[in-house]
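S.K.: You'll find structure15.txt just under this line, and it carries compact mmCIF, C-alpha atoms.
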# COMPACT_ATOMS: atom_id res chain seq x y z
CA MET A 1 60.24 37.83 -0.96
CA PHE A 2 63.17 38.05 -3.36
CA SER A 3 62.74 36.89 -6.95
CA TYR A 4 65.44 35.67 -9.34
CA LEU A 5 64.52 35.27 -13.01
CA ARG A 6 65.99 32.41 -15.01
CA LYS A 7 65.36 31.30 -18.60
CA ALA A 8 65.70 27.55 -19.15
CA GLN A 9 68.58 26.81 -21.49
CA TYR A 10 68.70 24.09 -24.14
CA HIS A 11 71.73 22.43 -22.55
CA GLU A 12 69.75 22.08 -19.31
CA THR A 13 67.11 19.84 -20.88
CA ASP A 14 67.25 16.05 -20.99
CA GLN A 15 66.05 13.38 -23.42
CA MET A 16 62.46 14.04 -22.32
CA GLY A 17 62.80 17.66 -23.47
CA VAL A 18 62.44 19.04 -19.96
CA VAL A 19 64.92 20.69 -17.62
CA HIS A 20 66.89 18.01 -15.77
CA HIS A 21 66.10 17.98 -12.05
CA SER A 22 69.70 18.64 -11.00
CA ASN A 23 69.43 22.11 -12.56
CA HIS A 24 66.87 23.14 -9.97
CA VAL A 25 69.62 22.74 -7.36
CA LYS A 26 71.96 24.89 -9.45
CA TRP A 27 69.24 27.53 -9.85
CA MET A 28 68.73 27.51 -6.08
CA GLU A 29 72.41 28.36 -5.64
CA GLU A 30 72.19 31.11 -8.28
CA ALA A 31 69.12 32.53 -6.53
CA ARG A 32 70.91 32.47 -3.16
CA VAL A 33 73.88 34.37 -4.58
CA ALA A 34 71.57 36.97 -6.16
CA PHE A 35 69.58 37.18 -2.91
CA MET A 36 72.77 37.95 -0.97
CA ASP A 37 73.71 40.61 -3.52
CA GLU A 38 70.28 42.15 -3.02
CA LEU A 39 70.88 42.22 0.74
CA GLY A 40 74.03 44.22 0.09
CA LEU A 41 76.49 41.61 1.31
CA SER A 42 77.59 39.33 -1.49
CA TYR A 43 78.83 35.75 -1.21
CA ARG A 44 82.25 37.12 -2.07
CA ASP A 45 82.07 39.62 0.80
CA VAL A 46 81.01 36.89 3.22
CA GLU A 47 83.78 34.56 2.12
CA ALA A 48 86.29 37.40 2.36
CA SER A 49 85.53 37.41 6.07
CA SER A 50 86.32 33.65 6.14
CA VAL A 51 82.69 32.77 6.85
CA ALA A 52 81.12 29.99 4.79
CA SER A 53 77.54 28.73 4.69
CA PRO A 54 77.63 25.16 3.44
CA VAL A 55 74.43 23.36 2.53
CA VAL A 56 73.54 20.75 5.15
CA ALA A 57 70.22 19.63 3.67
CA LEU A 58 68.17 20.03 0.52
CA ALA A 59 64.62 19.06 -0.32
CA VAL A 60 62.97 19.61 -3.67
CA GLU A 61 59.42 18.75 -4.69
CA TYR A 62 58.96 18.67 -8.46
CA LYS A 63 55.40 19.53 -9.49
CA LYS A 64 55.51 20.40 -13.20
CA PRO A 65 58.23 20.01 -15.81
CA VAL A 66 60.08 23.08 -17.06
CA LYS A 67 60.74 23.20 -20.80
CA PHE A 68 63.37 24.89 -22.93
CA ALA A 69 63.03 28.71 -23.02
CA ASP A 70 60.50 28.79 -20.18
CA GLU A 71 61.03 31.80 -17.93
CA VAL A 72 61.11 30.74 -14.31
CA GLU A 73 61.05 33.00 -11.27
CA VAL A 74 62.91 31.47 -8.36
CA ARG A 75 61.25 33.10 -5.36
CA ILE A 76 63.27 32.87 -2.19
CA GLU A 77 62.55 33.76 1.43
CA VAL A 78 63.99 33.13 4.88
CA LYS A 79 62.00 30.37 6.56
CA ALA A 80 64.02 30.05 9.78
CA TYR A 81 67.13 31.67 11.26
CA ASP A 82 68.76 31.39 14.67
CA GLY A 83 72.12 33.08 14.22
CA ILE A 84 74.10 29.94 13.37
CA ARG A 85 71.71 28.21 10.96
CA ILE A 86 69.38 29.40 8.27
CA GLU A 87 66.65 27.70 6.28
CA LEU A 88 65.57 29.16 2.96
CA ALA A 89 62.35 28.35 1.10
CA TYR A 90 62.10 28.48 -2.68
CA GLU A 91 59.20 28.54 -5.10
CA PHE A 92 59.83 27.96 -8.80
CA PHE A 93 57.12 29.89 -10.66
CA ASP A 94 57.01 29.23 -14.39
CA ARG A 95 55.98 32.53 -16.00
CA THR A 96 55.43 30.76 -19.30
CA SER A 97 52.82 28.33 -17.97
CA GLY A 98 51.69 30.46 -15.03
CA LYS A 99 52.19 27.52 -12.66
CA VAL A 100 54.40 26.69 -9.71
CA CYS A 101 56.69 23.99 -11.09
CA ALA A 102 58.63 23.15 -7.92
CA THR A 103 59.12 24.07 -4.30
CA ALA A 104 62.26 23.53 -2.25
CA THR A 105 64.12 24.24 0.95
CA SER A 106 67.81 24.44 1.76
CA LYS A 107 69.38 24.40 5.21
CA HIS A 108 72.76 25.97 5.90
CA CYS A 109 75.03 26.48 8.86
CA PHE A 110 77.66 29.18 9.24
CA VAL A 111 81.25 28.14 9.77
CA LYS A 112 84.56 29.91 10.19
CA ASP A 113 87.89 28.10 10.11
CA GLY A 114 86.03 24.79 10.11
CA ARG A 115 83.98 25.53 13.24
CA VAL A 116 80.38 26.59 13.69
CA ALA A 117 80.25 30.38 13.81
CA SER A 118 77.77 32.91 15.17
CA LEU A 119 76.77 35.29 12.42
CA LYS A 120 75.84 37.86 15.04
CA ARG A 121 79.47 37.97 16.14
CA GLU A 122 81.13 37.55 12.73
CA LEU A 123 78.82 39.57 10.48
CA PRO A 124 76.31 41.52 12.61
CA GLU A 125 75.03 43.50 9.64
CA LEU A 126 73.98 40.32 7.83
CA ASP A 127 72.63 38.82 11.03
CA ALA A 128 70.30 41.79 11.45
CA LYS A 129 69.11 41.53 7.85
CA PHE A 130 68.32 37.81 8.10
CA ALA A 131 66.55 38.33 11.42
CA ALA A 132 64.45 41.11 9.91
CA LEU A 133 63.35 38.80 7.10
CA LEU A 134 61.97 36.12 9.40
CA PRO A 135 58.27 35.42 8.82
CA GLY A 136 55.82 36.74 11.38
CA MET B 1 52.01 10.29 -1.61
CA SER B 2 50.15 6.98 -1.82
CA SER B 3 50.82 4.37 0.87
CA VAL B 4 54.08 2.55 0.45
CA VAL B 5 55.21 -0.95 1.35
CA GLU B 6 58.75 -1.60 2.49
CA ASN B 7 60.92 -3.65 0.15
CA PRO B 8 61.93 -6.40 2.59
CA ASN B 9 64.97 -7.65 0.76
CA PRO B 10 66.43 -4.92 -1.44
CA VAL B 11 69.23 -5.45 -3.91
CA VAL B 12 72.04 -3.01 -3.13
CA HIS B 13 74.00 -1.51 -5.98
CA SER B 14 77.43 -0.01 -5.26
CA ARG B 15 79.85 2.21 -7.12
CA THR B 16 82.93 4.21 -6.20
CA PHE B 17 83.16 7.91 -7.08
CA VAL B 18 86.25 10.10 -6.87
CA VAL B 19 86.11 13.82 -6.07
CA ALA B 20 87.65 15.59 -9.09
CA PRO B 21 89.00 19.16 -9.33
CA GLU B 22 85.96 20.50 -11.20
CA MET B 23 83.74 19.38 -8.28
CA ILE B 24 85.51 21.59 -5.74
CA ASP B 25 83.99 24.99 -4.95
CA LEU B 26 85.34 28.14 -3.28
CA ASN B 27 84.96 26.47 0.12
CA HIS B 28 87.52 23.88 -1.08
CA HIS B 29 85.08 20.99 -0.70
CA LEU B 30 82.71 18.97 -2.89
CA ASN B 31 80.00 21.38 -4.08
CA ASN B 32 76.45 20.37 -3.11
CA VAL B 33 75.28 20.07 -6.71
CA TRP B 34 77.52 17.09 -7.51
CA PRO B 35 75.88 14.75 -5.01
CA VAL B 36 72.57 15.30 -6.83
CA GLN B 37 74.25 14.16 -10.05
CA TRP B 38 75.87 11.16 -8.34
CA ILE B 39 72.49 10.15 -6.88
CA GLN B 40 71.09 10.20 -10.40
CA ASP B 41 74.08 8.38 -11.91
CA ILE B 42 74.08 5.52 -9.44
CA ALA B 43 70.29 5.11 -9.74
CA VAL B 44 70.50 4.89 -13.53
CA GLU B 45 73.44 2.49 -13.33
CA HIS B 46 71.49 0.29 -10.90
CA SER B 47 68.47 0.34 -13.16
CA ASP B 48 70.59 -0.47 -16.23
CA SER B 49 72.34 -3.42 -14.57
CA ALA B 50 69.18 -4.84 -13.00
CA GLY B 51 67.26 -4.77 -16.29
CA GLY B 52 64.95 -2.02 -15.07
CA THR B 53 65.85 0.41 -17.83
CA ALA B 54 65.08 -2.13 -20.56
CA LEU B 55 61.76 -3.02 -18.94
CA MET B 56 60.90 0.66 -18.48
CA ARG B 57 61.43 1.27 -22.20
CA ALA B 58 59.42 -1.82 -23.13
CA LEU B 59 56.55 -0.49 -21.03
CA GLY B 60 56.76 2.93 -22.71
CA GLY B 61 57.56 4.45 -19.35
CA ALA B 62 60.07 6.81 -17.81
CA TRP B 63 61.04 7.34 -14.20
CA MET B 64 60.62 10.90 -12.99
CA ILE B 65 61.52 12.38 -9.62
CA ARG B 66 58.68 13.78 -7.52
CA VAL B 67 60.48 14.58 -4.28
CA GLN B 68 64.15 14.43 -3.33
CA HIS B 69 65.76 14.98 0.08
CA VAL B 70 69.52 15.16 0.51
CA GLU B 71 71.28 15.36 3.88
CA TYR B 72 74.90 16.46 3.79
CA ARG B 73 76.65 14.87 6.79
CA ASN B 74 80.34 15.58 6.23
CA GLN B 75 82.51 17.45 3.77
CA ALA B 76 84.39 15.64 1.00
CA PHE B 77 87.63 16.90 -0.49
CA LEU B 78 89.68 16.62 -3.64
CA GLY B 79 90.77 13.07 -4.33
CA ASP B 80 88.45 11.46 -1.78
CA GLU B 81 87.13 8.08 -2.85
CA ILE B 82 83.45 7.82 -2.02
CA LEU B 83 81.56 4.54 -1.99
CA GLY B 84 77.96 5.02 -3.07
CA LYS B 85 75.23 2.50 -2.28
CA THR B 86 71.66 2.59 -3.50
CA TRP B 87 68.60 0.44 -3.08
CA VAL B 88 64.84 0.63 -3.56
CA ALA B 89 63.53 0.84 -0.02
CA ALA B 90 59.77 0.86 -0.61
CA TYR B 91 57.06 0.76 -3.23
CA GLY B 92 53.70 2.42 -3.64
CA ARG B 93 51.29 1.67 -6.46
CA LEU B 94 52.76 4.37 -8.67
CA THR B 95 55.97 5.33 -6.90
CA CYS B 96 59.09 3.90 -5.36
CA ILE B 97 61.39 5.24 -2.69
CA ARG B 98 65.06 4.92 -3.56
CA LYS B 99 67.67 5.56 -0.90
CA CYS B 100 71.37 6.29 -1.30
CA ARG B 101 74.26 6.53 1.09
CA PHE B 102 77.71 7.75 0.16
CA GLU B 103 80.65 7.08 2.48
CA ARG B 104 84.30 8.08 2.31
CA ILE B 105 86.30 4.87 1.94
CA SER B 106 89.30 6.05 3.98
CA ASP B 107 87.42 6.70 7.23
CA GLY B 108 83.94 5.28 6.69
CA LYS B 109 82.28 8.65 7.34
CA THR B 110 78.93 9.25 5.66
CA ILE B 111 79.28 12.21 3.31
CA PHE B 112 75.64 12.46 2.25
CA GLU B 113 72.43 10.44 2.18
CA SER B 114 69.33 10.81 0.08
CA GLU B 115 65.76 9.66 -0.24
CA THR B 116 64.04 10.10 -3.58
CA GLU B 117 60.47 9.38 -4.59
CA TRP B 118 60.32 8.28 -8.22
CA VAL B 119 57.15 8.04 -10.29
CA LEU B 120 56.85 5.71 -13.26
CA VAL B 121 55.23 7.80 -16.00
CA ASP B 122 53.55 6.58 -19.18
CA VAL B 123 55.43 8.69 -21.74
CA LYS B 124 52.63 8.76 -24.34
CA ARG B 125 49.85 9.64 -21.91
CA GLY B 126 52.02 11.77 -19.67
CA ARG B 127 50.44 10.15 -16.62
CA PRO B 128 51.71 7.88 -13.85
CA MET B 129 51.47 4.16 -14.48
CA ILE B 130 51.19 1.25 -12.05
CA ILE B 131 54.58 -0.29 -11.29
CA PRO B 132 54.32 -3.92 -12.41
CA ASP B 133 55.46 -6.74 -10.11
CA GLU B 134 57.95 -7.72 -12.79
CA MET B 135 59.69 -4.36 -12.27
CA LYS B 136 59.65 -4.65 -8.48
CA ALA B 137 61.21 -8.10 -8.64
CA LEU B 138 64.28 -6.67 -10.35
CA TYR B 139 65.11 -4.64 -7.25
CA GLY B 140 64.64 -7.42 -4.73
CA GLU B 141 60.99 -7.59 -3.83
CA SER B 142 60.79 -11.25 -4.73
CA GLY B 143 63.61 -12.06 -2.33
CA THR B 144 66.56 -11.74 -4.66
CA ALA B 145 69.01 -10.33 -2.15
CA GLY B 146 72.02 -8.32 -3.19
CA SER B 147 75.59 -9.10 -2.29
CA ASP B 148 75.42 -6.80 0.70
CA SER B 149 72.81 -4.98 2.72
CA PRO B 150 72.09 -1.27 3.08
CA SER B 151 73.51 -1.31 6.59
CA THR B 152 76.92 -2.71 5.70
Written as structure tokens, that's how I'd like the structure from this file.
M.R.:
Amino acid sequence: MFSYLRKAQYHETDQMGVVHHSNHVKWMEEARVAFMDELGLSYRDVEASSVASPVVALAVEYKKPVKFADEVEVRIEVKAYDGIRIELAYEFFDRTSGKVCATATSKHCFVKDGRVASLKRELPELDAKFAALLPG
Amino acid sequence: MSSVVENPNPVVHSRTFVVAPEMIDLNHHLNNVWPVQWIQDIAVEHSDSAGGTALMRALGGAWMIRVQHVEYRNQAFLGDEILGKTWVAAYGRLTCIRKCRFERISDGKTIFESETEWVLVDVKRGRPMIIPDEMKALYGESGTAGSDSPST
């Protein structure tokens, strides 16, 4: 499991004094980018090969509010992968409160020049890394 | 989630959004974060216009999201005009299910859809509160139909 640490910023809080829910989606993207860096093939590298991985679905379950200055670990792992689609699972662990404050999933497909692409053909190194991270 | 009852005659609230330059990402399309903001914006606007926001404040409550699902159906691009529609599809004792659909006006294609479970929270107690019938009526439960339906 890869972990991305994020400190909640003041500008991310709303009138209730808690982090606005849309920021969880931004943090998911930040965690994905960091996760790719950790795998040794950055978003920039992937896009340089004309491969994109747009989000096709998101689901977030909000369990506990996150407050200003809380330190949150966004834990990310590969939930499913078949070479043309990937599903990532996220857990937002609030180090400050010691509680899981949200869980989420994102689904992506891989495309090149506007068409669905096989990662095995386009980026075999990344394909092998995702496959190796599959649970079980 | 507690059992929910379908809202048989929901009021539909509509608004047009335009894809602006700051919403475009490196893939040259609408970034996935903006739809989440639009879903919030249209829900708040609906609540404001229906009188739900005023009633929420009078009750000492606040709506908070428990679960949100977003399905991205098609890409949207710079300058696209997107018609958003939202309605409260179902109620539980403490929650409601709000749905949204956003379609590109030029070709009618659905760009994204969402389903969000909102909880009405008592701000002072920090606990969920029962959604009063008076609140439900504002979104169509009593048969006050909107000018169009979710399917149009």
S.K.: Go ahead and find all residues with at least one atom no further than 8 Å from (70.7, -3.6, -11.6) in the file's coordinates, using all atoms listed in the file; report them as number ranges by chain.
M.R.: B: 13, 45-52, 138-139
S.K.: For chain A, report every residue with an atom at most 8 Å from chain B (counting all atoms listed in the file), formatted as an MDAnalysis selection string.
M.R.: chainID A and resid 21:22 25:26 52 55:63
S.K.: Could you work out how far atom CA of Lys7 of chain A lies from atom CA of Lys67 of chain A, giving the answer in Å with one decimal?
M.R.: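 Interatomic distance here is 9.6 Å.
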S.K.: Give me the residues within 8 Å of segment 38-44 of chain A as a VMD selection string, counting only C-alpha atoms and dropping any in the same chain fewer than 5 places off.
M.R.: chain A and resid 33 126 129
S.K.: Keeping only C-alpha atoms, write those residues as a short mmCIF file (atom, residue, chain, number, x, y, z; two decimals), keeping the file's coordinate frame.
M.R.:
data_model
loop_
_atom_site.label_atom_id
_atom_site.label_comp_id
_atom_site.auth_asym_id
_atom_site.auth_seq_id
_atom_site.Cartn_x
_atom_site.Cartn_y
_atom_site.Cartn_z
CA VAL A 33 73.88 34.37 -4.58
CA LEU A 126 73.98 40.32 7.83
CA LYS A 129 69.11 41.53 7.85
#
S.K.: Hey, which of A:Ser3, A:Ser53, A:Gln15, A:Asn23 ends up closest to Arg115 of chain A? Count all atoms listed in the file.
M.R.: A:Ser53
S.K.: Could you please determine the separation between atom CA of Ala132 of chain A and atom CA of Pro54 of chain A in Å, to one decimal place?
M.R.: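 Computed distance, atom CA of Ala132 of chain A to atom CA of Pro54 of chain A, equals 21.7 Å.
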S.K.: Considering all atoms listed in the file, return as a PyMOL selection string whatever protein or nucleic-acid residues lie within 9 Å of Asp70 of chain A, sequence-local ones (same chain, fewer than 6 positions apart) excluded.
M.R.: chain A and resi 6-9+94-97
